[in-house]
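structure.pdb follows (PDB, C-alpha atoms, pLDDT in the B column):
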```pdb
ATOM      1  CA  MET N   4      -0.888  31.556   1.431  1.00 97.00           C
ATOM      2  CA  ALA N   5       0.000  34.682   3.350  1.00 97.00           C
ATOM      3  CA  ALA N   6       0.698  35.648   6.945  1.00 97.00           C
ATOM      4  CA  CYS N   7      -0.256  38.594   9.124  1.00 95.00           C
ATOM      5  CA  ASP N   8      -1.003  39.875  12.592  1.00 94.00           C
ATOM      6  CA  GLU N   9      -4.181  41.574  13.801  1.00 95.00           C
ATOM      7  CA  THR N  10      -3.200  45.017  12.518  1.00 95.00           C
ATOM      8  CA  TYR N  11      -2.264  43.828   9.042  1.00 96.00           C
ATOM      9  CA  TYR N  12      -5.363  41.663   8.826  1.00 98.00           C
ATOM     10  CA  TRP N  13      -7.718  44.604   9.161  1.00 98.00           C
ATOM     11  CA  LYS N  14      -5.504  46.942   7.174  1.00 97.00           C
ATOM     12  CA  PHE N  15      -4.774  44.612   4.253  1.00 98.00           C
ATOM     13  CA  GLY N  16      -5.791  40.994   4.788  1.00 98.00           C
ATOM     14  CA  ALA N  17      -9.555  41.426   4.826  1.00 98.00           C
ATOM     15  CA  ALA N  18      -9.492  43.441   1.589  1.00 98.00           C
ATOM     16  CA  PHE N  19      -7.153  40.873   0.014  1.00 98.00           C
ATOM     17  CA  LEU N  20      -9.661  38.128   0.829  1.00 98.00           C
ATOM     18  CA  ASP N  21     -12.462  40.288  -0.562  1.00 98.00           C
ATOM     19  CA  SER N  22     -10.529  40.742  -3.801  1.00 98.00           C
ATOM     20  CA  ILE N  23      -9.868  36.999  -4.155  1.00 97.00           C
ATOM     21  CA  ARG N  24     -13.536  36.251  -3.627  1.00 96.00           C
ATOM     22  CA  SER N  25     -14.548  38.908  -6.165  1.00 96.00           C
ATOM     23  CA  THR N  26     -12.537  37.259  -8.964  1.00 95.00           C
ATOM     24  CA  GLY N  27     -15.009  34.374  -9.032  1.00 90.00           C
ATOM     25  CA  GLY N  28     -12.230  31.789  -8.990  1.00 83.00           C
ATOM     26  CA  PHE N  29     -11.882  28.759  -6.749  1.00 84.00           C
ATOM     27  CA  ASP N  30      -8.625  29.695  -5.056  1.00 90.00           C
ATOM     28  CA  HIS N  31      -8.021  28.004  -1.707  1.00 96.00           C
ATOM     29  CA  VAL N  32      -6.541  30.594   0.627  1.00 98.00           C
ATOM     30  CA  HIS N  33      -4.560  29.764   3.759  1.00 98.00           C
ATOM     31  CA  LEU N  34      -3.692  32.471   6.278  1.00 98.00           C
ATOM     32  CA  HIS N  35      -1.172  32.120   9.077  1.00 97.00           C
ATOM     33  CA  LEU N  36      -2.190  34.473  11.883  1.00 97.00           C
ATOM     34  CA  TYR N  37      -0.127  35.822  14.756  1.00 94.00           C
ATOM     35  CA  TRP N  38      -2.044  36.296  18.019  1.00 94.00           C
ATOM     36  CA  PRO N  39      -5.416  36.982  16.352  1.00 96.00           C
ATOM     37  CA  SER N  40      -8.308  38.260  18.439  1.00 97.00           C
ATOM     38  CA  ASP N  41     -11.680  36.541  18.666  1.00 98.00           C
ATOM     39  CA  ARG N  42     -12.972  39.232  16.306  1.00 98.00           C
ATOM     40  CA  VAL N  43     -10.551  38.163  13.559  1.00 98.00           C
ATOM     41  CA  ILE N  44     -11.448  34.485  13.984  1.00 98.00           C
ATOM     42  CA  ALA N  45     -15.150  35.333  13.862  1.00 98.00           C
ATOM     43  CA  ASP N  46     -14.610  37.285  10.647  1.00 98.00           C
ATOM     44  CA  LEU N  47     -12.776  34.333   9.105  1.00 98.00           C
ATOM     45  CA  ASP N  48     -15.544  31.947  10.174  1.00 98.00           C
ATOM     46  CA  VAL N  49     -18.044  34.064   8.251  1.00 97.00           C
ATOM     47  CA  ARG N  50     -15.824  34.287   5.178  1.00 97.00           C
ATOM     48  CA  ALA N  51     -15.229  30.534   5.152  1.00 96.00           C
ATOM     49  CA  ARG N  52     -18.916  29.977   4.439  1.00 95.00           C
ATOM     50  CA  ASP N  53     -18.579  31.136   0.847  1.00 92.00           C
ATOM     51  CA  MET N  54     -14.895  30.732  -0.034  1.00 95.00           C
ATOM     52  CA  ALA N  55     -12.220  28.064   0.393  1.00 96.00           C
ATOM     53  CA  LEU N  56     -10.429  29.474   3.415  1.00 98.00           C
ATOM     54  CA  THR N  57      -8.310  27.885   6.130  1.00 98.00           C
ATOM     55  CA  TRP N  58      -6.017  29.349   8.756  1.00 98.00           C
ATOM     56  CA  THR N  59      -3.482  28.477  11.395  1.00 97.00           C
ATOM     57  CA  VAL N  60      -2.662  30.431  14.537  1.00 96.00           C
ATOM     58  CA  ASP N  61       0.765  31.266  15.956  1.00 93.00           C
ATOM     59  CA  ARG N  62       0.747  32.171  19.641  1.00 90.00           C
ATOM     60  CA  ASN N  63       4.473  31.851  20.179  1.00 83.00           C
ATOM     61  CA  ASP N  64       6.360  34.719  21.774  1.00 77.00           C
ATOM     62  CA  VAL N  65       6.630  37.187  18.904  1.00 72.00           C
ATOM     63  CA  PRO N  66       9.377  39.839  19.331  1.00 69.00           C
ATOM     64  CA  SER N  67       7.985  42.874  21.124  1.00 70.00           C
ATOM     65  CA  ASP N  68       9.548  45.594  18.951  1.00 76.00           C
ATOM     66  CA  ALA N  69       7.785  46.306  15.675  1.00 73.00           C
ATOM     67  CA  ALA N  70      10.751  45.748  13.341  1.00 78.00           C
ATOM     68  CA  SER N  71      11.670  42.337  14.779  1.00 84.00           C
ATOM     69  CA  SER N  72       8.026  41.313  14.819  1.00 86.00           C
ATOM     70  CA  ILE N  73       7.650  42.037  11.088  1.00 88.00           C
ATOM     71  CA  ILE N  74      10.852  40.108  10.346  1.00 90.00           C
ATOM     72  CA  TYR N  75       9.511  37.133  12.317  1.00 91.00           C
ATOM     73  CA  MET N  76       6.120  37.168  10.608  1.00 90.00           C
ATOM     74  CA  ALA N  77       7.545  37.512   7.103  1.00 91.00           C
ATOM     75  CA  ALA N  78       9.944  34.623   7.642  1.00 94.00           C
ATOM     76  CA  THR N  79       7.866  32.039   9.494  1.00 95.00           C
ATOM     77  CA  ARG N  80       5.324  31.745   6.675  1.00 96.00           C
ATOM     78  CA  PHE N  81       7.981  29.578   4.997  1.00 97.00           C
ATOM     79  CA  VAL N  82       7.872  27.230   7.978  1.00 97.00           C
ATOM     80  CA  VAL N  83       4.109  26.917   7.541  1.00 97.00           C
ATOM     81  CA  ALA N  84       4.550  26.412   3.791  1.00 98.00           C
ATOM     82  CA  HIS N  85       6.780  23.422   4.556  1.00 97.00           C
ATOM     83  CA  PHE N  86       3.932  21.685   6.404  1.00 97.00           C
ATOM     84  CA  ILE N  87       1.492  22.440   3.583  1.00 98.00           C
ATOM     85  CA  VAL N  88       3.830  20.890   1.024  1.00 98.00           C
ATOM     86  CA  GLU N  89       4.451  17.879   3.282  1.00 97.00           C
ATOM     87  CA  ARG N  90       0.704  17.225   3.178  1.00 97.00           C
ATOM     88  CA  GLY N  91       1.027  16.816  -0.583  1.00 97.00           C
ATOM     89  CA  CYS N  92      -0.330  20.239  -1.544  1.00 97.00           C
ATOM     90  CA  SER N  93       1.094  22.914  -3.798  1.00 98.00           C
ATOM     91  CA  VAL N  94       1.442  26.395  -2.336  1.00 98.00           C
ATOM     92  CA  PHE N  95       1.833  29.920  -3.648  1.00 98.00           C
ATOM     93  CA  ILE N  96       3.320  32.266  -1.049  1.00 98.00           C
ATOM     94  CA  THR N  97       2.618  35.974  -1.317  1.00 98.00           C
ATOM     95  CA  ASP N  98       2.348  39.098   0.848  1.00 97.00           C
ATOM     96  CA  ILE N  99      -0.797  39.996   2.763  1.00 97.00           C
ATOM     97  CA  ASP N 100      -0.726  43.589   1.471  1.00 97.00           C
ATOM     98  CA  SER N 101      -1.935  42.493  -1.939  1.00 98.00           C
ATOM     99  CA  ILE N 102      -4.977  42.679  -4.196  1.00 98.00           C
ATOM    100  CA  ALA N 103      -6.137  39.954  -6.583  1.00 98.00           C
ATOM    101  CA  ASN N 104      -7.423  41.177  -9.937  1.00 97.00           C
ATOM    102  CA  ARG N 105      -8.006  37.749 -11.498  1.00 97.00           C
ATOM    103  CA  PRO N 106      -8.152  34.138 -10.241  1.00 97.00           C
ATOM    104  CA  ILE N 107      -4.726  33.279  -8.870  1.00 98.00           C
ATOM    105  CA  TRP N 108      -4.336  29.541  -9.238  1.00 97.00           C
ATOM    106  CA  PRO N 109      -4.760  29.299 -13.045  1.00 97.00           C
ATOM    107  CA  ALA N 110      -1.869  31.773 -13.381  1.00 97.00           C
ATOM    108  CA  VAL N 111       0.218  29.728 -10.929  1.00 98.00           C
ATOM    109  CA  GLU N 112      -0.401  26.580 -12.971  1.00 96.00           C
ATOM    110  CA  ASP N 113       0.420  28.370 -16.229  1.00 96.00           C
ATOM    111  CA  ALA N 114       3.723  29.590 -14.777  1.00 96.00           C
ATOM    112  CA  SER N 115       4.779  26.254 -13.281  1.00 95.00           C
ATOM    113  CA  SER N 116       7.390  24.170 -15.074  1.00 92.00           C
ATOM    114  CA  GLY N 117       9.043  22.419 -12.145  1.00 92.00           C
ATOM    115  CA  GLY N 118       8.988  21.930  -8.408  1.00 94.00           C
ATOM    116  CA  VAL N 119       9.875  25.462  -7.297  1.00 96.00           C
ATOM    117  CA  GLY N 120       9.258  28.889  -8.811  1.00 97.00           C
ATOM    118  CA  LEU N 121      11.007  32.057  -7.658  1.00 97.00           C
ATOM    119  CA  TYR N 122      10.671  35.692  -8.684  1.00 97.00           C
ATOM    120  CA  PHE N 123      14.260  36.437  -9.694  1.00 95.00           C
ATOM    121  CA  ARG N 124      15.453  40.021 -10.047  1.00 94.00           C
ATOM    122  CA  PRO N 125      19.032  39.599 -11.320  1.00 92.00           C
ATOM    123  CA  GLU N 126      19.380  43.318 -12.008  1.00 95.00           C
ATOM    124  CA  MET N 127      19.320  44.113  -8.283  1.00 94.00           C
ATOM    125  CA  ARG N 128      22.716  44.462  -6.589  1.00 92.00           C
ATOM    126  CA  LYS N 129      21.994  43.422  -3.009  1.00 93.00           C
ATOM    127  CA  PRO N 130      21.547  39.672  -2.340  1.00 90.00           C
ATOM    128  CA  TRP N 131      18.389  40.271  -0.297  1.00 90.00           C
ATOM    129  CA  ARG N 132      16.761  42.071  -3.233  1.00 93.00           C
ATOM    130  CA  LYS N 133      17.545  39.542  -5.963  1.00 95.00           C
ATOM    131  CA  VAL N 134      14.620  37.214  -5.155  1.00 96.00           C
ATOM    132  CA  LEU N 135      11.211  38.483  -4.066  1.00 96.00           C
ATOM    133  CA  ALA N 136       9.517  36.642  -1.217  1.00 96.00           C
ATOM    134  CA  SER N 137       6.108  37.854  -2.408  1.00 96.00           C
ATOM    135  CA  GLY N 138       5.914  35.333  -5.236  1.00 97.00           C
ATOM    136  CA  VAL N 139       7.102  31.813  -4.398  1.00 98.00           C
ATOM    137  CA  ILE N 140       5.592  28.632  -5.842  1.00 98.00           C
ATOM    138  CA  ILE N 141       6.333  25.230  -4.294  1.00 97.00           C
ATOM    139  CA  HIS N 142       4.890  21.950  -5.573  1.00 97.00           C
ATOM    140  CA  PRO N 143       5.092  18.653  -3.641  1.00 97.00           C
ATOM    141  CA  THR N 144       7.661  17.099  -5.974  1.00 95.00           C
ATOM    142  CA  ILE N 145      10.895  15.626  -4.628  1.00 94.00           C
ATOM    143  CA  ARG N 146      12.701  18.899  -5.288  1.00 92.00           C
ATOM    144  CA  GLY N 147       9.805  20.969  -4.019  1.00 94.00           C
ATOM    145  CA  ARG N 148       9.623  19.052  -0.741  1.00 94.00           C
ATOM    146  CA  HIS N 149      13.379  19.341  -0.295  1.00 93.00           C
ATOM    147  CA  PHE N 150      13.292  23.077  -0.948  1.00 94.00           C
ATOM    148  CA  ALA N 151      10.427  23.607   1.502  1.00 95.00           C
ATOM    149  CA  HIS N 152      12.292  21.600   4.149  1.00 94.00           C
ATOM    150  CA  VAL N 153      15.519  23.548   3.635  1.00 93.00           C
ATOM    151  CA  MET N 154      13.709  26.888   3.782  1.00 94.00           C
ATOM    152  CA  ALA N 155      11.909  25.935   6.994  1.00 95.00           C
ATOM    153  CA  ARG N 156      15.072  24.774   8.760  1.00 94.00           C
ATOM    154  CA  SER N 157      17.110  27.718   7.497  1.00 94.00           C
ATOM    155  CA  THR N 158      14.419  30.144   8.608  1.00 95.00           C
ATOM    156  CA  LEU N 159      14.308  28.782  12.146  1.00 95.00           C
ATOM    157  CA  MET N 160      18.095  28.838  12.395  1.00 95.00           C
ATOM    158  CA  ALA N 161      18.276  32.418  11.104  1.00 94.00           C
ATOM    159  CA  LEU N 162      15.558  33.659  13.461  1.00 92.00           C
ATOM    160  CA  ALA N 163      17.367  32.120  16.425  1.00 91.00           C
ATOM    161  CA  ASP N 164      20.073  34.756  15.906  1.00 90.00           C
ATOM    162  CA  ALA N 165      17.543  37.608  16.268  1.00 87.00           C
ATOM    163  CA  PRO N 166      18.309  39.190  12.868  1.00 88.00           C
ATOM    164  CA  ALA N 167      18.069  42.956  12.447  1.00 84.00           C
ATOM    165  CA  TYR N 168      16.854  42.698   8.847  1.00 88.00           C
ATOM    166  CA  HIS N 169      14.539  40.473   6.825  1.00 89.00           C
ATOM    167  CA  VAL N 170      15.942  36.992   6.236  1.00 94.00           C
ATOM    168  CA  ASP N 171      13.341  35.444   3.928  1.00 95.00           C
ATOM    169  CA  GLN N 172      14.600  36.961   0.667  1.00 95.00           C
ATOM    170  CA  THR N 173      18.236  36.390   1.620  1.00 95.00           C
ATOM    171  CA  LEU N 174      17.551  32.700   2.247  1.00 95.00           C
ATOM    172  CA  LEU N 175      15.664  32.395  -1.041  1.00 95.00           C
ATOM    173  CA  TYR N 176      18.566  33.959  -2.907  1.00 93.00           C
ATOM    174  CA  TYR N 177      21.235  31.681  -1.473  1.00 90.00           C
ATOM    175  CA  ALA N 178      19.044  28.621  -1.953  1.00 86.00           C
ATOM    176  CA  SER N 179      18.646  29.535  -5.621  1.00 86.00           C
ATOM    177  CA  ARG N 180      22.406  29.937  -6.065  1.00 84.00           C
ATOM    178  CA  ARG N 181      23.097  26.398  -4.907  1.00 77.00           C
ATOM    179  CA  CYS N 182      21.140  24.739  -7.712  1.00 69.00           C
ATOM    180  CA  ALA N 183      19.637  27.314 -10.055  1.00 61.00           C
ATOM    181  CA  ALA N 184      18.516  24.714 -12.607  1.00 62.00           C
ATOM    182  CA  GLN N 185      15.818  23.534 -10.199  1.00 80.00           C
ATOM    183  CA  TYR N 186      13.850  26.773 -10.327  1.00 92.00           C
ATOM    184  CA  PHE N 187      11.515  28.407 -12.814  1.00 95.00           C
ATOM    185  CA  GLN N 188      10.808  32.123 -13.043  1.00 96.00           C
ATOM    186  CA  VAL N 189       7.635  33.389 -11.393  1.00 98.00           C
ATOM    187  CA  PRO N 190       6.151  35.999 -13.748  1.00 97.00           C
ATOM    188  CA  ARG N 191       5.615  39.628 -12.856  1.00 97.00           C
ATOM    189  CA  ILE N 192       1.833  39.265 -13.093  1.00 98.00           C
ATOM    190  CA  LEU N 193       1.831  37.202  -9.872  1.00 98.00           C
ATOM    191  CA  SER N 194       3.578  39.863  -7.795  1.00 97.00           C
ATOM    192  CA  ASP N 195       3.305  43.232  -9.477  1.00 97.00           C
ATOM    193  CA  TYR N 196       4.364  46.200  -7.356  1.00 95.00           C
ATOM    194  CA  GLU N 197       3.942  48.614 -10.285  1.00 95.00           C
ATOM    195  CA  PHE N 198       0.176  47.981 -10.454  1.00 97.00           C
ATOM    196  CA  ARG N 199      -0.125  47.154 -14.151  1.00 97.00           C
ATOM    197  CA  PRO N 200      -3.726  46.555 -15.281  1.00 95.00           C
ATOM    198  CA  ASP N 201      -3.000  43.106 -16.748  1.00 96.00           C
ATOM    199  CA  SER N 202      -1.518  41.652 -13.556  1.00 98.00           C
ATOM    200  CA  VAL N 203      -3.153  38.929 -11.492  1.00 98.00           C
ATOM    201  CA  ILE N 204      -1.873  40.277  -8.159  1.00 98.00           C
ATOM    202  CA  TRP N 205      -0.885  43.758  -7.091  1.00 98.00           C
ATOM    203  CA  THR N 206       1.530  43.788  -4.159  1.00 97.00           C
ATOM    204  CA  ALA N 207       2.001  47.019  -2.213  1.00 96.00           C
ATOM    205  CA  LYS N 208       5.736  46.755  -1.666  1.00 88.00           C
ATOM    206  CA  GLY N 209       6.905  49.607   0.569  1.00 87.00           C
ATOM    207  CA  PRO N 210       5.011  52.358   2.425  1.00 89.00           C
ATOM    208  CA  THR N 211       4.582  54.619  -0.610  1.00 93.00           C
ATOM    209  CA  ARG N 212       2.719  51.970  -2.598  1.00 94.00           C
ATOM    210  CA  LYS N 213       0.586  51.043   0.406  1.00 95.00           C
ATOM    211  CA  GLN N 214      -0.616  54.650   0.576  1.00 94.00           C
ATOM    212  CA  SER N 215      -0.984  55.125  -3.178  1.00 96.00           C
ATOM    213  CA  ALA N 216      -4.320  56.130  -4.647  1.00 96.00           C
ATOM    214  CA  ALA N 217      -4.332  53.164  -7.047  1.00 96.00           C
ATOM    215  CA  PHE N 218      -3.929  50.607  -4.264  1.00 97.00           C
ATOM    216  CA  ARG N 219      -6.451  52.254  -1.964  1.00 97.00           C
ATOM    217  CA  ILE N 220      -9.027  52.421  -4.755  1.00 97.00           C
ATOM    218  CA  ALA N 221      -8.454  48.718  -5.449  1.00 97.00           C
ATOM    219  CA  GLN N 222      -8.958  47.931  -1.755  1.00 98.00           C
ATOM    220  CA  ASP N 223     -12.170  49.962  -1.641  1.00 97.00           C
ATOM    221  CA  ARG N 224     -13.443  48.200  -4.755  1.00 97.00           C
ATOM    222  CA  ALA N 225     -12.722  44.804  -3.180  1.00 97.00           C
ATOM    223  CA  ARG N 226     -14.532  45.738   0.043  1.00 97.00           C
ATOM    224  CA  ALA N 227     -17.505  47.055  -1.928  1.00 96.00           C
ATOM    225  CA  SER N 228     -17.743  43.792  -3.866  1.00 93.00           C
ATOM    226  CA  ARG N 229     -18.292  41.873  -0.644  1.00 89.00           C
ATOM    227  CA  GLN N 230     -20.871  44.314   0.660  1.00 86.00           C
ATOM    228  CA  ALA N 231     -22.776  44.040  -2.609  1.00 82.00           C
ATOM    229  CA  ALA N 232     -22.799  40.231  -2.566  1.00 69.00           C
TER
END
```
Would you kindly transcribe this structure into structure tokens?
Amino acid sequence: MAACDETYYWKFGAAFLDSIRSTGGFDHVHLHLYWPSDRVIADLDVRARDMALTWTVDRNDVPSDAASSIIYMAATRFVVAHFIVERGCSVFITDIDSIANRPIWPAVEDASSGGVGLYFRPEMRKPWRKVLASGVIIHPTIRGRHFAHVMARSTLMALADAPAYHVDQTLLYYASRRCAAQYFQVPRILSDYEFRPDSVIWTAKGPTRKQSAAFRIAQDRARASRQAA
């Protein structure tokens, strides 16, 4: 699953969906959308005819300034993930500014060895950089359900304080410190921001990667695959 607003949907989300469809897999995609227009919903209705696609809509009062809005959108996907897990479903949480190069779910299953998988980066110094929020796996086990519940509650509590910086990765880091044995490592191939050719997902982390030639070419290729279908 991923989350986005109208701007990010047209800039990244539509191409991400195109890329998932082009892999020929049977990945079920769930999008959480913030104040989408009728045009976005109509586009999703068309896409849902030939791929497993669902979505939810958030029309709560999103912060008006751009920075706070992005913080809100990045964090509340973990609230939505909690409800998905409570329905007895596994979920892989990633960023909307991504491209799928191969079917996603087989790689998620291959990586899974427990209830919760996190992309640890122990070499990073700052707490909010030590766990990536662009590659989180949660299964509906006892531990997975508990983790999803804790992340949802912690997210809502953190957002109530109107944070000035992203809280999702910070919360993931401190959750992992409490009981590290519960978590397995999510592999690089599921959230690769260096765009290696063998990776399942490329994630355009940061403005430079979003504007890179490699990522733009991948987006164009994904869009072309849909037009050719």
Could you state which residues are captured by the PyMOL selection byres ((chain N and resi 85-93) around 6) in this file, as a PDB file with C-alpha atoms, in the coordinates of the input?
```pdb
ATOM      1  CA  VAL N  82       7.872  27.230   7.978  1.00 97.00           C
ATOM      2  CA  VAL N  83       4.109  26.917   7.541  1.00 97.00           C
ATOM      3  CA  ALA N  84       4.550  26.412   3.791  1.00 98.00           C
ATOM      4  CA  VAL N  94       1.442  26.395  -2.336  1.00 98.00           C
ATOM      5  CA  ILE N 141       6.333  25.230  -4.294  1.00 97.00           C
ATOM      6  CA  HIS N 142       4.890  21.950  -5.573  1.00 97.00           C
ATOM      7  CA  PRO N 143       5.092  18.653  -3.641  1.00 97.00           C
ATOM      8  CA  ALA N 151      10.427  23.607   1.502  1.00 95.00           C
ATOM      9  CA  HIS N 152      12.292  21.600   4.149  1.00 94.00           C
TER      10      HIS N 152
END
```
- Message: Residues near N:Val134, anyone? I mean within 9 Å using all atoms listed in the file, not counting same-chain ones fewer than 5 positions away, as a count of residues only.
- Response: 11
Once the PyMOL selection byres ((chain N and resi 34) around 10) is applied to the coordinates I shared, what remains selected? I want it as a short mmCIF file (atom, residue, chain, number, x, y, z; two decimals) with C-alpha atoms, in the coordinates of the input.
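Wrote result11.cif, looks like this:
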```cif
data_model
loop_
_atom_site.label_atom_id
_atom_site.label_comp_id
_atom_site.auth_asym_id
_atom_site.auth_seq_id
_atom_site.Cartn_x
_atom_site.Cartn_y
_atom_site.Cartn_z
CA MET N 4 -0.89 31.56 1.43
CA ALA N 5 0.00 34.68 3.35
CA ALA N 6 0.70 35.65 6.94
CA CYS N 7 -0.26 38.59 9.12
CA TYR N 12 -5.36 41.66 8.83
CA GLY N 16 -5.79 40.99 4.79
CA LEU N 20 -9.66 38.13 0.83
CA VAL N 32 -6.54 30.59 0.63
CA HIS N 33 -4.56 29.76 3.76
CA HIS N 35 -1.17 32.12 9.08
CA LEU N 36 -2.19 34.47 11.88
CA TYR N 37 -0.13 35.82 14.76
CA LEU N 47 -12.78 34.33 9.10
CA LEU N 56 -10.43 29.47 3.42
CA THR N 57 -8.31 27.88 6.13
CA TRP N 58 -6.02 29.35 8.76
CA THR N 59 -3.48 28.48 11.40
CA VAL N 60 -2.66 30.43 14.54
CA ARG N 80 5.32 31.74 6.68
CA VAL N 83 4.11 26.92 7.54
CA ILE N 99 -0.80 40.00 2.76
#
```
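Going from atom CA of N:Ala155 over to atom CA of N:Asn63, you cover 16.3 Å.
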- Query: Which residue gives the smallest distance to N:Pro210 among N:Trp13, N:Asp100, N:Asp223, N:Arg50, with only C-alpha atoms counted?
  - Reply: N:Asp100
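Atom CA of N:Asp21 lies 5.9 Å from atom CA of N:Arg226.
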List the neighbours of N:Thr206 out to 12 Å using all atoms listed in the file; skip same-chain residues closer than 2 positions along the sequence, and give me the result as a PDB file with C-alpha atoms, in the frame of the given file.
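Listed below is the output, result.pdb:
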```
ATOM      1  CA  ALA N   5       0.000  34.682   3.350  1.00 97.00           C
ATOM      2  CA  PHE N  15      -4.774  44.612   4.253  1.00 98.00           C
ATOM      3  CA  GLY N  16      -5.791  40.994   4.788  1.00 98.00           C
ATOM      4  CA  PHE N  19      -7.153  40.873   0.014  1.00 98.00           C
ATOM      5  CA  THR N  97       2.618  35.974  -1.317  1.00 98.00           C
ATOM      6  CA  ASP N  98       2.348  39.098   0.848  1.00 97.00           C
ATOM      7  CA  ILE N  99      -0.797  39.996   2.763  1.00 97.00           C
ATOM      8  CA  ASP N 100      -0.726  43.589   1.471  1.00 97.00           C
ATOM      9  CA  SER N 101      -1.935  42.493  -1.939  1.00 98.00           C
ATOM     10  CA  ILE N 102      -4.977  42.679  -4.196  1.00 98.00           C
ATOM     11  CA  ALA N 103      -6.137  39.954  -6.583  1.00 98.00           C
ATOM     12  CA  ASN N 104      -7.423  41.177  -9.937  1.00 97.00           C
ATOM     13  CA  LEU N 135      11.211  38.483  -4.066  1.00 96.00           C
ATOM     14  CA  ALA N 136       9.517  36.642  -1.217  1.00 96.00           C
ATOM     15  CA  SER N 137       6.108  37.854  -2.408  1.00 96.00           C
ATOM     16  CA  GLY N 138       5.914  35.333  -5.236  1.00 97.00           C
ATOM     17  CA  ARG N 191       5.615  39.628 -12.856  1.00 97.00           C
ATOM     18  CA  ILE N 192       1.833  39.265 -13.093  1.00 98.00           C
ATOM     19  CA  LEU N 193       1.831  37.202  -9.872  1.00 98.00           C
ATOM     20  CA  SER N 194       3.578  39.863  -7.795  1.00 97.00           C
ATOM     21  CA  ASP N 195       3.305  43.232  -9.477  1.00 97.00           C
ATOM     22  CA  TYR N 196       4.364  46.200  -7.356  1.00 95.00           C
ATOM     23  CA  GLU N 197       3.942  48.614 -10.285  1.00 95.00           C
ATOM     24  CA  PHE N 198       0.176  47.981 -10.454  1.00 97.00           C
ATOM     25  CA  ARG N 199      -0.125  47.154 -14.151  1.00 97.00           C
ATOM     26  CA  SER N 202      -1.518  41.652 -13.556  1.00 98.00           C
ATOM     27  CA  VAL N 203      -3.153  38.929 -11.492  1.00 98.00           C
ATOM     28  CA  ILE N 204      -1.873  40.277  -8.159  1.00 98.00           C
ATOM     29  CA  LYS N 208       5.736  46.755  -1.666  1.00 88.00           C
ATOM     30  CA  GLY N 209       6.905  49.607   0.569  1.00 87.00           C
ATOM     31  CA  PRO N 210       5.011  52.358   2.425  1.00 89.00           C
ATOM     32  CA  THR N 211       4.582  54.619  -0.610  1.00 93.00           C
ATOM     33  CA  ARG N 212       2.719  51.970  -2.598  1.00 94.00           C
ATOM     34  CA  LYS N 213       0.586  51.043   0.406  1.00 95.00           C
ATOM     35  CA  SER N 215      -0.984  55.125  -3.178  1.00 96.00           C
ATOM     36  CA  ALA N 217      -4.332  53.164  -7.047  1.00 96.00           C
ATOM     37  CA  PHE N 218      -3.929  50.607  -4.264  1.00 97.00           C
ATOM     38  CA  ARG N 219      -6.451  52.254  -1.964  1.00 97.00           C
ATOM     39  CA  ALA N 221      -8.454  48.718  -5.449  1.00 97.00           C
ATOM     40  CA  GLN N 222      -8.958  47.931  -1.755  1.00 98.00           C
TER      41      GLN N 222
END
```
- Within 7 Å of (13.4, 36.3, 7.4), in the coordinates the file gives, what residues turn up when you count all atoms listed in the file, written out as a ChimeraX atom specification? /N:74-75,77-78,158,162,169-172
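Between atom CA of N:Phe187 and atom CA of N:Ser22 lies a distance of 26.8 Å.
Between N:Ala163 and the candidates N:Thr79, N:Ala225, N:Asp53, N:Arg180, the tightest atom-to-atom separation, counting all atoms listed in the file, involves N:Thr79.
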- Which one of N:Phe29, N:Trp131, N:Tyr177, N:Tyr186 sits closest to N:Trp108 if you count all atoms listed in the file? N:Phe29
Need the axis-aligned box for stretch 83-97 of chain N with 6 Å each side, so what are the centre and edges in Å to one decimal, as JSON?
```
{"center_x": 3.2, "center_y": 26.4, "center_z": 1.9, "size_x": 19.1, "size_y": 31.2, "size_z": 23.3}
```
Generate the missing atoms of stretch 127-135 of chain N up to N, CA and C atoms and report them as a short mmCIF file (atom, residue, chain, number, x, y, z; two decimals), keeping the file's coordinate frame.
```
data_model
loop_
_atom_site.label_atom_id
_atom_site.label_comp_id
_atom_site.auth_asym_id
_atom_site.auth_seq_id
_atom_site.Cartn_x
_atom_site.Cartn_y
_atom_site.Cartn_z
N MET N 127 19.10 43.50 -9.60
CA MET N 127 19.32 44.11 -8.28
C MET N 127 20.71 43.75 -7.76
N ARG N 128 21.34 44.67 -7.05
CA ARG N 128 22.72 44.46 -6.59
C ARG N 128 22.79 43.71 -5.27
N LYS N 129 21.93 44.02 -4.33
CA LYS N 129 21.99 43.42 -3.01
C LYS N 129 21.42 42.01 -3.03
N PRO N 130 22.05 41.05 -2.35
CA PRO N 130 21.55 39.67 -2.34
C PRO N 130 20.10 39.56 -1.86
N TRP N 131 19.74 40.38 -0.85
CA TRP N 131 18.39 40.27 -0.30
C TRP N 131 17.33 40.92 -1.17
N ARG N 132 17.73 41.49 -2.30
CA ARG N 132 16.76 42.07 -3.23
C ARG N 132 16.65 41.26 -4.53
N LYS N 133 17.48 40.27 -4.70
CA LYS N 133 17.55 39.54 -5.96
C LYS N 133 16.42 38.53 -6.15
N VAL N 134 15.76 38.13 -5.07
CA VAL N 134 14.62 37.21 -5.16
C VAL N 134 13.51 37.77 -4.27
N LEU N 135 12.34 37.96 -4.85
CA LEU N 135 11.21 38.48 -4.07
C LEU N 135 10.53 37.36 -3.29
#
```
